[in-house]
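Data from target-v7.tsv: TSV, C-alpha atoms and all ligand atoms
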chain	number	residue	atom	x	y	z
S	3	MET	CA	98.70	252.28	-110.05
S	4	LYS	CA	97.57	255.65	-111.43
S	5	LEU	CA	99.62	257.40	-114.09
S	6	ALA	CA	100.29	260.31	-111.69
S	7	GLU	CA	102.05	257.91	-109.34
S	8	LEU	CA	104.33	256.71	-112.14
S	9	ASN	CA	105.16	260.13	-113.49
S	10	PRO	CA	107.29	262.22	-111.11
S	11	PHE	CA	106.58	265.32	-113.20
S	12	ALA	CA	102.77	265.06	-113.04
S	13	ARG	CA	101.16	268.13	-111.52
S	14	PRO	CA	99.93	267.42	-107.97
S	15	ALA	CA	96.20	267.29	-107.36
S	16	ALA	CA	94.84	270.41	-105.70
S	17	ALA	CA	94.23	269.83	-102.01
S	18	PRO	CA	90.55	268.85	-101.63
S	19	ASP	CA	88.32	271.74	-100.62
S	20	ALA	CA	87.37	271.31	-97.00
S	21	PRO	CA	83.62	271.67	-96.59
S	22	TYR	CA	82.69	275.14	-95.42
S	23	THR	CA	80.97	273.95	-92.28
S	24	GLY	CA	81.37	277.01	-90.07
S	25	VAL	CA	81.86	279.83	-92.53
S	26	SER	CA	80.87	280.14	-96.17
S	27	LYS	CA	83.39	281.10	-98.86
S	28	ASP	CA	81.37	284.24	-99.54
S	29	ALA	CA	81.40	285.25	-95.86
S	30	ALA	CA	85.17	284.77	-95.78
S	31	GLU	CA	85.62	286.91	-98.90
S	32	GLU	CA	83.40	289.58	-97.31
S	33	VAL	CA	85.56	289.71	-94.16
S	34	ARG	CA	88.72	289.88	-96.26
S	35	ALA	CA	87.26	292.72	-98.33
S	36	GLU	CA	86.30	294.63	-95.14
S	37	LEU	CA	89.78	294.27	-93.65
S	38	PHE	CA	92.04	294.39	-96.70
S	39	GLY	CA	90.01	295.83	-99.57
S	40	GLU	CA	89.66	294.14	-102.93
S	41	GLY	CA	91.88	291.01	-102.99
S	42	HIS	CA	93.44	289.47	-106.07
S	43	ALA	CA	96.61	287.77	-107.24
S	44	GLY	CA	99.25	290.38	-108.09
S	45	GLY	CA	101.53	290.67	-111.08
S	46	LEU	CA	105.14	291.12	-109.96
S	47	VAL	CA	107.84	292.53	-112.22
S	48	ALA	CA	111.53	292.65	-111.35
S	49	ASP	CA	113.22	295.18	-113.58
S	50	SER	CA	117.01	295.14	-113.95
S	51	ILE	CA	117.79	294.13	-110.36
S	52	THR	CA	121.43	294.40	-109.33
S	53	ALA	CA	122.36	293.45	-105.75
S	54	TRP	CA	125.46	293.81	-103.61
S	55	PHE	CA	126.71	292.66	-100.23
S	56	GLY	CA	129.28	295.33	-99.40
S	57	GLU	CA	131.42	295.73	-102.52
S	58	ARG	CA	130.51	292.31	-103.84
S	59	LYS	CA	127.96	292.25	-106.64
S	60	VAL	CA	125.86	289.06	-106.40
S	61	LEU	CA	123.12	289.74	-108.99
S	62	ASP	CA	123.52	291.62	-112.25
S	63	ARG	CA	120.58	293.27	-114.01
S	64	VAL	CA	118.07	290.48	-113.43
S	65	SER	CA	114.63	291.04	-114.95
S	66	LEU	CA	111.68	288.71	-114.55
S	67	ASP	CA	107.95	288.97	-115.10
S	68	MET	CA	106.00	286.88	-112.57
S	69	LYS	CA	102.46	286.73	-113.88
S	70	ALA	CA	99.41	287.15	-111.65
S	71	GLY	CA	98.07	283.85	-110.34
S	72	GLU	CA	100.87	281.76	-111.85
S	73	VAL	CA	103.58	279.72	-110.13
S	74	THR	CA	107.14	280.74	-111.07
S	75	ALA	CA	110.05	278.46	-110.08
S	76	LEU	CA	113.56	279.84	-109.53
S	77	ILE	CA	116.22	277.17	-110.07
S	78	GLY	CA	120.01	277.19	-110.22
S	79	PRO	CA	123.10	276.00	-108.37
S	80	SER	CA	123.94	277.05	-104.83
S	81	GLY	CA	125.16	280.61	-104.43
S	82	CYS	CA	123.79	282.01	-107.72
S	83	GLY	CA	121.54	284.50	-105.91
S	84	LYS	CA	118.07	282.93	-105.94
S	85	SER	CA	117.36	283.63	-102.25
S	86	THR	CA	118.81	287.13	-102.53
S	87	PHE	CA	116.51	287.78	-105.50
S	88	LEU	CA	113.52	286.42	-103.54
S	89	ARG	CA	114.32	288.61	-100.52
S	90	ILE	CA	114.51	291.65	-102.80
S	91	LEU	CA	110.96	290.89	-103.96
S	92	ASN	CA	109.51	291.69	-100.50
S	93	ARG	CA	112.06	294.16	-99.14
S	94	MET	CA	113.86	291.75	-96.83
S	95	HIS	CA	117.23	292.31	-98.54
S	96	GLU	CA	117.45	295.82	-97.09
S	97	MET	CA	117.38	294.39	-93.53
S	98	ILE	CA	120.97	293.14	-94.02
S	99	PRO	CA	123.31	296.01	-93.06
S	100	THR	CA	125.83	295.53	-95.92
S	101	ALA	CA	123.18	294.93	-98.58
S	102	SER	CA	122.29	297.35	-101.35
S	103	LEU	CA	120.43	297.11	-104.64
S	104	ALA	CA	119.51	298.88	-107.87
S	105	GLY	CA	116.52	298.37	-110.14
S	106	GLU	CA	112.77	298.26	-109.59
S	107	VAL	CA	110.26	295.75	-108.27
S	108	ARG	CA	106.69	296.55	-109.35
S	109	LEU	CA	103.60	294.97	-107.84
S	110	ASP	CA	100.66	295.60	-110.15
S	111	GLY	CA	102.63	298.45	-111.67
S	112	ALA	CA	103.65	300.22	-108.40
S	113	ASP	CA	107.32	300.26	-107.38
S	114	ILE	CA	107.48	298.61	-103.92
S	115	TYR	CA	110.65	300.64	-103.25
S	116	GLY	CA	108.93	303.91	-104.24
S	117	PRO	CA	109.36	306.89	-101.84
S	118	THR	CA	105.78	306.69	-100.55
S	119	GLU	CA	105.64	302.89	-100.25
S	120	ARG	CA	105.66	301.48	-96.74
S	121	ILE	CA	107.71	298.40	-95.93
S	122	THR	CA	104.80	296.91	-93.92
S	123	ALA	CA	102.52	297.21	-96.96
S	124	ALA	CA	105.06	295.40	-99.14
S	125	ARG	CA	105.35	292.61	-96.56
S	126	ARG	CA	101.57	292.24	-96.26
S	127	ASN	CA	101.06	292.12	-100.00
S	128	ILE	CA	104.05	289.87	-100.61
S	129	GLY	CA	104.35	287.08	-98.02
S	130	MET	CA	107.34	284.81	-97.46
S	131	ILE	CA	107.59	281.13	-96.52
S	132	PHE	CA	111.03	279.95	-95.42
S	133	GLN	CA	112.99	276.73	-95.74
S	134	LYS	CA	112.49	275.89	-92.09
S	135	PRO	CA	108.93	276.28	-90.81
S	136	ASN	CA	108.92	279.14	-88.29
S	137	PRO	CA	105.62	279.23	-86.39
S	138	PHE	CA	105.66	280.87	-82.96
S	139	PRO	CA	106.10	277.58	-81.08
S	140	ALA	CA	104.48	278.49	-77.76
S	141	MET	CA	101.61	280.42	-79.35
S	142	SER	CA	98.35	278.61	-80.11
S	143	ILE	CA	97.54	277.51	-83.65
S	144	TYR	CA	94.76	280.13	-83.71
S	145	ASP	CA	97.05	282.95	-82.57
S	146	ASN	CA	99.74	281.88	-85.04
S	147	VAL	CA	97.31	282.32	-87.92
S	148	VAL	CA	96.27	285.83	-86.86
S	149	ALA	CA	99.77	286.92	-85.77
S	150	GLY	CA	100.34	288.83	-89.01
S	151	LEU	CA	97.30	291.10	-88.52
S	152	LYS	CA	98.89	293.07	-85.70
S	153	LEU	CA	102.20	293.37	-87.55
S	154	SER	CA	100.29	294.73	-90.55
S	155	GLY	CA	98.38	297.20	-88.36
S	156	VAL	CA	95.01	295.56	-89.13
S	157	ARG	CA	92.43	295.56	-86.31
S	158	ALA	CA	89.93	292.73	-86.54
S	159	THR	CA	87.06	291.72	-84.25
S	160	ARG	CA	86.99	288.26	-82.70
S	161	ASP	CA	84.29	287.22	-85.21
S	162	GLN	CA	86.38	288.43	-88.13
S	163	LYS	CA	89.41	286.60	-86.75
S	164	ASP	CA	87.40	283.38	-86.39
S	165	VAL	CA	86.45	283.61	-90.06
S	166	LEU	CA	90.01	284.38	-91.17
S	167	VAL	CA	91.48	281.53	-89.12
S	168	GLU	CA	89.10	278.96	-90.58
S	169	ASP	CA	89.39	280.26	-94.13
S	170	SER	CA	93.20	280.53	-94.06
S	171	LEU	CA	93.68	277.08	-92.54
S	172	LYS	CA	91.34	275.66	-95.19
S	173	LYS	CA	93.22	277.42	-97.99
S	174	ALA	CA	96.48	276.01	-96.59
S	175	ALA	CA	94.84	272.56	-96.53
S	176	ILE	CA	95.40	271.92	-92.83
S	177	TRP	CA	91.98	272.78	-91.32
S	178	ASP	CA	90.82	269.17	-90.95
S	179	GLU	CA	93.98	268.26	-89.07
S	180	VAL	CA	93.86	271.12	-86.54
S	181	LYS	CA	90.24	272.29	-86.26
S	182	ASP	CA	89.73	270.48	-82.94
S	183	ARG	CA	92.91	271.81	-81.32
S	184	LEU	CA	93.17	275.46	-82.34
S	185	ASP	CA	94.16	276.34	-78.76
S	186	GLN	CA	97.16	273.97	-78.79
S	187	PRO	CA	100.67	275.33	-79.40
S	188	GLY	CA	101.87	275.57	-83.00
S	189	GLY	CA	105.16	273.99	-81.96
S	190	GLY	CA	103.34	270.70	-81.26
S	191	LEU	CA	102.58	270.07	-84.95
S	192	SER	CA	104.72	267.95	-87.29
S	193	GLY	CA	107.20	269.75	-89.56
S	194	GLY	CA	104.91	269.48	-92.58
S	195	GLN	CA	101.91	270.73	-90.58
S	196	GLN	CA	104.01	273.62	-89.24
S	197	GLN	CA	104.89	274.61	-92.79
S	198	ARG	CA	101.23	274.61	-93.82
S	199	LEU	CA	100.43	276.59	-90.63
S	200	CYS	CA	103.01	279.16	-91.79
S	201	ILE	CA	101.29	279.25	-95.19
S	202	ALA	CA	97.96	279.85	-93.38
S	203	ARG	CA	99.57	282.65	-91.35
S	204	SER	CA	100.71	284.31	-94.57
S	205	LEU	CA	97.32	283.82	-96.22
S	206	ALA	CA	95.50	285.40	-93.25
S	207	VAL	CA	96.59	288.88	-94.35
S	208	SER	CA	95.37	288.30	-97.95
S	209	PRO	CA	98.71	288.61	-99.78
S	210	ARG	CA	98.76	289.08	-103.55
S	211	VAL	CA	102.05	287.19	-103.85
S	212	LEU	CA	103.57	284.36	-101.83
S	213	LEU	CA	107.34	283.82	-101.99
S	214	MET	CA	108.61	280.39	-100.98
S	215	ASP	CA	112.29	279.73	-100.32
S	216	GLU	CA	112.82	275.96	-100.62
S	217	PRO	CA	109.64	275.35	-98.58
S	218	CYS	CA	109.92	271.55	-98.71
S	219	SER	CA	113.63	271.01	-98.23
S	220	ALA	CA	113.18	270.16	-94.54
S	221	LEU	CA	110.12	267.96	-95.14
S	222	ASP	CA	109.57	264.25	-95.79
S	223	PRO	CA	108.02	263.13	-99.12
S	224	THR	CA	104.47	262.93	-97.76
S	225	SER	CA	104.60	266.41	-96.24
S	226	THR	CA	106.21	267.66	-99.45
S	227	ARG	CA	103.27	266.31	-101.43
S	228	ARG	CA	100.81	268.03	-99.11
S	229	VAL	CA	102.59	271.37	-99.55
S	230	GLU	CA	102.63	270.87	-103.34
S	231	GLU	CA	98.89	270.14	-103.24
S	232	THR	CA	98.43	273.35	-101.27
S	233	ILE	CA	100.40	275.26	-103.92
S	234	GLU	CA	98.18	273.71	-106.58
S	235	SER	CA	94.99	274.79	-104.82
S	236	LEU	CA	96.32	278.36	-104.42
S	237	ARG	CA	97.11	278.64	-108.14
S	238	GLY	CA	95.09	281.52	-109.59
S	239	GLN	CA	94.24	283.00	-106.16
S	240	VAL	CA	97.75	284.17	-105.30
S	241	THR	CA	100.92	284.57	-107.35
S	242	ILE	CA	103.61	282.14	-106.16
S	243	VAL	CA	107.39	282.38	-106.63
S	244	ILE	CA	109.22	279.30	-105.37
S	245	VAL	CA	112.96	278.61	-105.05
S	246	THR	CA	113.66	274.90	-105.31
S	247	HIS	CA	116.66	272.62	-105.80
S	248	ASN	CA	114.30	269.79	-106.69
S	249	MET	CA	113.96	269.72	-110.48
S	250	GLN	CA	111.00	267.34	-110.36
S	251	GLN	CA	109.25	269.71	-107.97
S	252	ALA	CA	109.90	272.71	-110.24
S	253	HIS	CA	108.52	270.67	-113.13
S	254	ARG	CA	105.46	269.54	-111.19
S	255	VAL	CA	104.32	272.79	-109.60
S	256	SER	CA	105.37	275.69	-111.82
S	257	ASP	CA	103.99	277.34	-114.95
S	258	THR	CA	107.18	279.29	-115.62
S	259	THR	CA	110.80	278.64	-114.64
S	260	ALA	CA	113.82	280.96	-114.42
S	261	PHE	CA	117.30	279.42	-114.43
S	262	PHE	CA	119.87	281.44	-112.44
S	263	LEU	CA	123.61	280.96	-112.82
S	264	ALA	CA	126.72	282.67	-111.45
S	265	SER	CA	129.83	281.58	-113.34
S	266	LEU	CA	133.10	281.57	-111.40
S	267	GLY	CA	133.36	284.80	-109.45
S	268	THR	CA	130.71	286.63	-111.50
S	269	PRO	CA	127.32	287.81	-110.20
S	270	GLY	CA	124.19	285.77	-110.78
S	271	VAL	CA	122.15	286.28	-113.94
S	272	ILE	CA	119.11	284.60	-115.47
S	273	VAL	CA	120.39	282.37	-118.26
S	274	GLU	CA	116.96	281.35	-119.50
S	275	HIS	CA	113.35	281.66	-118.46
S	276	GLY	CA	110.01	280.70	-119.88
S	277	ASP	CA	107.34	278.04	-119.94
S	278	THR	CA	108.39	275.24	-117.54
S	279	GLN	CA	107.42	272.37	-119.82
S	280	ALA	CA	109.35	273.86	-122.73
S	281	MET	CA	112.40	274.62	-120.58
S	282	PHE	CA	112.61	271.06	-119.36
S	283	ASP	CA	111.82	269.47	-122.74
S	284	ARG	CA	113.62	271.83	-125.13
S	285	PRO	CA	115.96	274.21	-123.26
S	286	LEU	CA	117.48	276.83	-125.53
S	287	ASP	CA	120.79	277.18	-123.66
S	288	PRO	CA	123.11	274.16	-123.28
S	289	ARG	CA	123.80	275.19	-119.65
S	290	THR	CA	120.07	274.93	-118.87
S	291	HIS	CA	120.01	271.52	-120.51
S	292	ASP	CA	122.94	270.33	-118.40
S	293	TYR	CA	121.51	271.76	-115.16
S	294	VAL	CA	117.98	270.38	-115.51
S	295	ASN	CA	119.43	267.00	-116.47
S	296	GLY	CA	121.69	266.90	-113.42
S	297	VAL	CA	125.02	267.23	-115.29
S	298	PHE	CA	126.05	269.88	-112.73
S	299	GLY	CA	124.44	271.33	-109.66
P	1	LIG	N1	124.07	288.10	-95.67
P	1	LIG	C1	125.02	287.96	-96.60
P	1	LIG	N2	126.18	288.62	-96.52
P	1	LIG	C2	127.13	288.49	-97.46
P	1	LIG	N3	127.01	287.70	-98.56
P	1	LIG	C3	125.87	287.00	-98.70
P	1	LIG	C4	124.81	287.10	-97.74
P	1	LIG	N4	123.79	286.30	-98.15
P	1	LIG	C5	124.20	285.73	-99.30
P	1	LIG	N5	125.44	286.15	-99.64
P	1	LIG	C6	126.20	285.77	-100.84
P	1	LIG	O1	125.44	286.13	-101.97
P	1	LIG	C7	125.54	285.13	-102.98
P	1	LIG	C8	124.14	284.65	-103.34
P	1	LIG	O2	123.60	283.95	-102.22
P	1	LIG	P1	122.14	283.36	-102.21
P	1	LIG	O3	121.89	282.77	-100.86
P	1	LIG	O4	121.20	284.37	-102.72
P	1	LIG	O5	122.25	282.18	-103.29
P	1	LIG	P2	121.27	280.97	-103.58
P	1	LIG	O6	121.26	280.76	-105.04
P	1	LIG	O7	119.96	281.21	-102.93
P	1	LIG	O8	122.01	279.77	-102.84
P	1	LIG	P3	121.38	278.44	-102.18
P	1	LIG	O9	120.74	277.71	-103.28
P	1	LIG	O10	122.56	277.73	-101.62
P	1	LIG	O11	120.43	278.90	-101.12
P	1	LIG	C9	126.41	284.03	-102.42
P	1	LIG	O12	127.72	284.20	-102.91
P	1	LIG	C10	126.38	284.27	-100.92
P	1	LIG	O13	127.58	283.86	-100.32

Would you kindly transcribe this structure into structure tokens?
Amino acid sequence: MKLAELNPFARPAAAPDAPYTGVSKDAAEEVRAELFGEGHAGGLVADSITAWFGERKVLDRVSLDMKAGEVTALIGPSGCGKSTFLRILNRMHEMIPTASLAGEVRLDGADIYGPTERITAARRNIGMIFQKPNPFPAMSIYDNVVAGLKLSGVRATRDQKDVLVEDSLKKAAIWDEVKDRLDQPGGGLSGGQQQRLCIARSLAVSPRVLLMDEPCSALDPTSTRRVEETIESLRGQVTIVIVTHNMQQAHRVSDTTAFFLASLGTPGVIVEHGDTQAMFDRPLDPRTHDYVNGVFG
């Protein structure tokens, strides 16, 4: 047995690169540059974020620096505001009628809530993967992957779409499993495949950041491993922020971890954040120690 199989904290292997049979990596980058301009992982900074639902404050002055190309894990007990924080990072919080917020979110230095910033641009640059895979079930696998183009107002030719579909499915490590049935409905895939299809759909619009809200909580261990391998192969290409209740997963996949906590009746705050290995091995705050060691949850 290999050491990685014995150690639940070992970083997953990157998903193997599928051979570029149809389209070369360079050709794919060229198409992405034509449609979306220069692509790169984005640095995301949350600066003193406070959030409310109605009168109720659920986050209090939360600041976090999510470095370009790194994987940041958000951990903490239920109800401490991790999902709310994540939704604020791509302007989904404002869709809830009672929701309000203060503070700034900057992507590569530009405030995504700035007066000239468009919500569609924020959503294209900062994609979101949800707990439950949500492909369009009756739509073909191919059309699922390119569904985001229209929403982002990007017009692509059939040839450009073909390139994007293949490249995105390869990046999401699902190409080999679906390449012969791209015209079949997305709803016919297994849960784990649907989640990787949703990752491909997000990647098709060349996001700089990918937010993931407990992306594996509805998946079996094998599918979970495949998604973790996909995260590993995206490291460096796109910035990833992942909410997870699975401490071993946070340990395995992330470079940096932020521990959120909301004590009785008070809004959520970040108790501690920093290098994942250090936070798990030598947490500075006793509450972090107790949480990562399962004393409370
Ligand atoms: N749409 C909403 N309307 C009103 N209150 C909400 C809404 N969504 C979340 N809340 C409240 O905001 C607080 C933070 O919720 P949030 O879902 O962000 O926490 P969380 O840490 O992600 O929890 P979990 O780990 O269970 O998903 C909770 O008290 C929750 O009840």

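CA of Ser256 in chain S to CA of Ala280 in chain S spans 11.8 Å [interatomic distance, one decimal].
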
List every residue of chain S that has an atom at most 10 Å from any atom of ligand LIG 1 (chain P), giving for each one its closest atom pair and the distance in Å to one decimal, counting only C-alpha atoms and all ligand atoms, sorted by chain and then by ascending residue number, as CSV.
residue,atom,partner,partner_atom,distance
S:Ala53,CA,P:LIG1,O1,8.8
S:Trp54,CA,P:LIG1,O1,7.9
S:Phe55,CA,P:LIG1,C2,5.0
S:Gly56,CA,P:LIG1,C2,7.4
S:Glu57,CA,P:LIG1,C2,9.8
S:Arg58,CA,P:LIG1,N3,7.8
S:Lys59,CA,P:LIG1,O1,8.1
S:Val60,CA,P:LIG1,C7,5.2
S:Leu61,CA,P:LIG1,C8,7.7
S:Leu76,CA,P:LIG1,O6,9.0
S:Ile77,CA,P:LIG1,O6,8.0
S:Gly78,CA,P:LIG1,O6,6.4
S:Pro79,CA,P:LIG1,O9,5.9
S:Ser80,CA,P:LIG1,O10,3.6
S:Gly81,CA,P:LIG1,O5,3.5
S:Cys82,CA,P:LIG1,O6,3.9
S:Gly83,CA,P:LIG1,O4,3.2
S:Lys84,CA,P:LIG1,O7,3.9
S:Ser85,CA,P:LIG1,O7,3.6
S:Thr86,CA,P:LIG1,O4,3.7
S:Phe87,CA,P:LIG1,O4,6.4
S:Leu88,CA,P:LIG1,O4,8.0
S:Arg89,CA,P:LIG1,O4,8.4
S:Ile90,CA,P:LIG1,O4,9.9
S:His95,CA,P:LIG1,N1,8.5
S:Met97,CA,P:LIG1,N1,9.4
S:Ile98,CA,P:LIG1,N1,6.1
S:Pro99,CA,P:LIG1,N1,8.4
S:Thr100,CA,P:LIG1,N2,6.9
S:Ala101,CA,P:LIG1,N2,7.3
S:Gln133,CA,P:LIG1,O11,9.4
S:Asp215,CA,P:LIG1,O11,8.2
S:Glu216,CA,P:LIG1,O11,8.2
S:Val245,CA,P:LIG1,O7,7.8
S:Thr246,CA,P:LIG1,O9,7.9
S:His247,CA,P:LIG1,O9,7.0
S:Phe262,CA,P:LIG1,O6,7.6
S:Leu263,CA,P:LIG1,O6,8.1
S:Ala264,CA,P:LIG1,O6,8.6
S:Gly267,CA,P:LIG1,O12,8.7
S:Thr268,CA,P:LIG1,O12,9.4
S:Pro269,CA,P:LIG1,C7,7.9
S:Gly270,CA,P:LIG1,C8,7.5
S:Gly299,CA,P:LIG1,O9,9.8

File dump, residues just selected, C-alpha atoms, as a PDB file, in the coordinates of the input:
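part_34.pdb, freshly written:
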ATOM      1  CA  ALA S  53     122.360 293.450-105.750  1.00  0.00           C
ATOM      2  CA  TRP S  54     125.460 293.810-103.610  1.00  0.00           C
ATOM      3  CA  PHE S  55     126.710 292.660-100.230  1.00  0.00           C
ATOM      4  CA  GLY S  56     129.280 295.330 -99.400  1.00  0.00           C
ATOM      5  CA  GLU S  57     131.420 295.730-102.520  1.00  0.00           C
ATOM      6  CA  ARG S  58     130.510 292.310-103.840  1.00  0.00           C
ATOM      7  CA  LYS S  59     127.960 292.250-106.640  1.00  0.00           C
ATOM      8  CA  VAL S  60     125.860 289.060-106.400  1.00  0.00           C
ATOM      9  CA  LEU S  61     123.120 289.740-108.990  1.00  0.00           C
ATOM     10  CA  LEU S  76     113.560 279.840-109.530  1.00  0.00           C
ATOM     11  CA  ILE S  77     116.220 277.170-110.070  1.00  0.00           C
ATOM     12  CA  GLY S  78     120.010 277.190-110.220  1.00  0.00           C
ATOM     13  CA  PRO S  79     123.100 276.000-108.370  1.00  0.00           C
ATOM     14  CA  SER S  80     123.940 277.050-104.830  1.00  0.00           C
ATOM     15  CA  GLY S  81     125.160 280.610-104.430  1.00  0.00           C
ATOM     16  CA  CYS S  82     123.790 282.010-107.720  1.00  0.00           C
ATOM     17  CA  GLY S  83     121.540 284.500-105.910  1.00  0.00           C
ATOM     18  CA  LYS S  84     118.070 282.930-105.940  1.00  0.00           C
ATOM     19  CA  SER S  85     117.360 283.630-102.250  1.00  0.00           C
ATOM     20  CA  THR S  86     118.810 287.130-102.530  1.00  0.00           C
ATOM     21  CA  PHE S  87     116.510 287.780-105.500  1.00  0.00           C
ATOM     22  CA  LEU S  88     113.520 286.420-103.540  1.00  0.00           C
ATOM     23  CA  ARG S  89     114.320 288.610-100.520  1.00  0.00           C
ATOM     24  CA  ILE S  90     114.510 291.650-102.800  1.00  0.00           C
ATOM     25  CA  HIS S  95     117.230 292.310 -98.540  1.00  0.00           C
ATOM     26  CA  MET S  97     117.380 294.390 -93.530  1.00  0.00           C
ATOM     27  CA  ILE S  98     120.970 293.140 -94.020  1.00  0.00           C
ATOM     28  CA  PRO S  99     123.310 296.010 -93.060  1.00  0.00           C
ATOM     29  CA  THR S 100     125.830 295.530 -95.920  1.00  0.00           C
ATOM     30  CA  ALA S 101     123.180 294.930 -98.580  1.00  0.00           C
ATOM     31  CA  GLN S 133     112.990 276.730 -95.740  1.00  0.00           C
ATOM     32  CA  ASP S 215     112.290 279.730-100.320  1.00  0.00           C
ATOM     33  CA  GLU S 216     112.820 275.960-100.620  1.00  0.00           C
ATOM     34  CA  VAL S 245     112.960 278.610-105.050  1.00  0.00           C
ATOM     35  CA  THR S 246     113.660 274.900-105.310  1.00  0.00           C
ATOM     36  CA  HIS S 247     116.660 272.620-105.800  1.00  0.00           C
ATOM     37  CA  PHE S 262     119.870 281.440-112.440  1.00  0.00           C
ATOM     38  CA  LEU S 263     123.610 280.960-112.820  1.00  0.00           C
ATOM     39  CA  ALA S 264     126.720 282.670-111.450  1.00  0.00           C
ATOM     40  CA  GLY S 267     133.360 284.800-109.450  1.00  0.00           C
ATOM     41  CA  THR S 268     130.710 286.630-111.500  1.00  0.00           C
ATOM     42  CA  PRO S 269     127.320 287.810-110.200  1.00  0.00           C
ATOM     43  CA  GLY S 270     124.190 285.770-110.780  1.00  0.00           C
ATOM     44  CA  GLY S 299     124.440 271.330-109.660  1.00  0.00           C
TER      45      GLY S 299
END

Residue neighbourhood range 174-189 of chain S, 8 Å, all atoms listed in the file, exclusion window fewer than 2 positions, as a PDB file with C-alpha atoms, keeping the file's coordinate frame:
ATOM      1  CA  ALA S  17      94.230 269.830-102.010  1.00  0.00           C
ATOM      2  CA  PRO S  18      90.550 268.850-101.630  1.00  0.00           C
ATOM      3  CA  ASP S  19      88.320 271.740-100.620  1.00  0.00           C
ATOM      4  CA  ALA S  20      87.370 271.310 -97.000  1.00  0.00           C
ATOM      5  CA  PRO S 137     105.620 279.230 -86.390  1.00  0.00           C
ATOM      6  CA  PHE S 138     105.660 280.870 -82.960  1.00  0.00           C
ATOM      7  CA  PRO S 139     106.100 277.580 -81.080  1.00  0.00           C
ATOM      8  CA  ALA S 140     104.480 278.490 -77.760  1.00  0.00           C
ATOM      9  CA  MET S 141     101.610 280.420 -79.350  1.00  0.00           C
ATOM     10  CA  SER S 142      98.350 278.610 -80.110  1.00  0.00           C
ATOM     11  CA  ILE S 143      97.540 277.510 -83.650  1.00  0.00           C
ATOM     12  CA  TYR S 144      94.760 280.130 -83.710  1.00  0.00           C
ATOM     13  CA  ASN S 146      99.740 281.880 -85.040  1.00  0.00           C
ATOM     14  CA  GLU S 168      89.100 278.960 -90.580  1.00  0.00           C
ATOM     15  CA  SER S 170      93.200 280.530 -94.060  1.00  0.00           C
ATOM     16  CA  LEU S 171      93.680 277.080 -92.540  1.00  0.00           C
ATOM     17  CA  LYS S 172      91.340 275.660 -95.190  1.00  0.00           C
ATOM     18  CA  LEU S 191     102.580 270.070 -84.950  1.00  0.00           C
ATOM     19  CA  GLN S 195     101.910 270.730 -90.580  1.00  0.00           C
ATOM     20  CA  GLN S 196     104.010 273.620 -89.240  1.00  0.00           C
ATOM     21  CA  ARG S 198     101.230 274.610 -93.820  1.00  0.00           C
ATOM     22  CA  LEU S 199     100.430 276.590 -90.630  1.00  0.00           C
ATOM     23  CA  ILE S 201     101.290 279.250 -95.190  1.00  0.00           C
ATOM     24  CA  ALA S 202      97.960 279.850 -93.380  1.00  0.00           C
ATOM     25  CA  LEU S 205      97.320 283.820 -96.220  1.00  0.00           C
ATOM     26  CA  ARG S 228     100.810 268.030 -99.110  1.00  0.00           C
ATOM     27  CA  THR S 232      98.430 273.350-101.270  1.00  0.00           C
TER      28      THR S 232
END

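In terms of minimum interatomic distance to Ala35 in chain S, S:Ser208 ranks closest within S:Ser208, S:Thr278, S:Gln251, S:Thr259, counting all atoms listed in the file.
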
Rank S:Leu221, S:Val73, S:Met130, S:Val165 by their smallest atom-to-atom distance to Ala260 in chain S, using all atoms listed in the file, and report the top residue only.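 Comparing S:Leu221, S:Val73, S:Met130, S:Val165 against Ala260 in chain S, the winner is S:Val73.
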
I want to know what sits within 12 Å of Arg34 in chain S, based on all atoms listed in the file, with residues of the same chain fewer than 2 positions away left out; could you give that as a ChimeraX atom specification? /S:27-32,36-42,151,156,158,162-167,169-170,205-209

What is the distance between CA of Phe261 in chain S and CA of Glu274 in chain S, in Å to one decimal?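 Taking CA of Phe261 in chain S as the start and CA of Glu274 in chain S as the end point, the length is 5.4 Å.
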
Would you compute the box with edges along x, y and z of the file around range 170-177 of chain S, including every atom the file lists for it and 3 Å extra on each side, and give its centre and edge lengths in Å to one decimal, as AutoDock Vina command-line options?
--center_x 93.9 --center_y 276.2 --center_z -94.7 --size_x 11.1 --size_y 14.6 --size_z 12.7

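As for CA of Val273 in chain S and CA of Pro285 in chain S, they are spaced 10.5 Å apart.
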
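Counting all atoms listed in the file, Val240 in chain S has the following residues at most 6 Å away, ignoring those fewer than 3 positions along the same chain: Ala43, Gly71, Arg210 and Val211 of chain S.
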
Nearest to Leu153 in chain S by atom-to-atom distance, counting all atoms listed in the file, from S:Ile121, S:Ile131, S:Ile233, S:Met68: S:Ile121

Out of S:Lys69, S:Lys152, S:Arg227, S:Arg254, which residue has the shortest atom-to-atom distance to Gln239 in chain S when counting all atoms listed in the file? S:Lys69

Out of S:Val297, S:Ile272, S:Ala75, S:Cys200, which residue has the shortest atom-to-atom distance to Ala149 in chain S when counting all atoms listed in the file?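 Closest to Ala149 in chain S, using all atoms listed in the file: S:Cys200.
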
Within 9 Å of Asp257 in chain S, counting all atoms listed in the file, which residues show up once you throw out same-chain ones fewer than 4 positions away? Write them as a PyMOL selection string, please. chain S and resi 72-75+252-253+276-279

Excluding range 108-112 of chain S and any residue of its chain fewer than 6 positions from it, enumerate the residues within 12 Å of it, using only C-alpha atoms, and give them as number ranges by chain. S: 42-51, 65-70, 90-93, 118-120, 123-125, 127-128, 209-211, 241

From the set S:Leu212, S:Met249, S:Val229, S:Ile244, which residue has the shortest atom-to-atom contact distance to Pro14 in chain S, counting all atoms listed in the file?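 Under the stated criterion, the closest residue is S:Val229.
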